[in-house]
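Okay, so here's the structure we're looking at.
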Amino acid sequence: MKTFILKRKQILIFFLTLTLCAAVGINWYFTNNSPVEIEEQTEENQQNLGEAKLVSKNESKKIDGEENEYFTKAKLKRDSEFDETKEFLSEILTNKESGKTALNDAEAKLNSLIDKRQTEIDCENIIDAKLNCSSIAVISEKTCEIIIPDELINDASALQIKEIITSKTDISPEKISIIGIKTVVEN
């Protein structure tokens, strides 16, 4: 009886293996020996519906060199101010002569500063990704100002920005200001 069960399992495994080999052979035949000639792909016939395309922010029609320069300078200035404040608070924390209240205040301010800066960066990154433009977020305890290119300000972008800020902060939509910078056109 035991030998019969073993033979039945062996027969089942044999047929499953045979089926798998047949499927692999058929797949190989139709993919490698296809009678249809593959035409050389050009830019015109490479466009497929639903195909992802990598787009660089620098290639955006909405952003020109003047605006990029403005955002770069503003972010560098803000980063240097952040670094100076962080360094000052760190010096207080490392100073052995600082009192307990000064240490506690400096630590609280440093943590608050780092949290605020991270929130600004997160908001800017999400806005940049959704609107495909550079932005600057200036967040205080109760208000938020977002600076984006003037031509991108419309109802849809304002709604997206307000949703982003309210999801990342406790600031109400009424306290969010969206400021546009003008495009400088040279003749």
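As shown in the structure tokens, the chain order sets the letters A, B, ...; within each chain, residues go from 1, and ligands are also counted from 1 in the order they appear.
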Taking 5 positions as the minimum chain separation for residues in the same chain, which residues sit within 9 Å of Leu89 (chain A) when counting only C-alpha atoms? Answer as a list of chain:residue names.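 Residues near the query, excluding close chain neighbours: A:Glu84, A:Thr94, A:Leu103, A:Ala106, A:Glu107, A:Lys109, A:Leu110.
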Which one is closest to Thr169 (chain A): A:Asn125, A:Thr143, A:Thr17, A:Asn27? Count only C-alpha atoms.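 Nearest to Thr169 (chain A): A:Thr143.
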Residues at most 12 Å from Asp128 (chain A), counting only C-alpha atoms, excluding those fewer than 4 positions away in the same chain, as a ChimeraX atom specification? /A:56-58,60,63,71,120-124,132-137,146-149,152,157,160-161,164
In Å, rounded to a single decimal, give me how far CA of Leu113 (chain A) is from CA of Phe88 (chain A).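 Between CA of Phe88 (chain A) and CA of Leu113 (chain A) the gap works out to 12.0 Å.
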So the first atom is CA of Ala158 (chain A) and the second is CA of Ala129 (chain A); what is the distance between them in Å, to one decimal place?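 For CA of Ala158 (chain A) relative to CA of Ala129 (chain A), the distance reads 14.5 Å.
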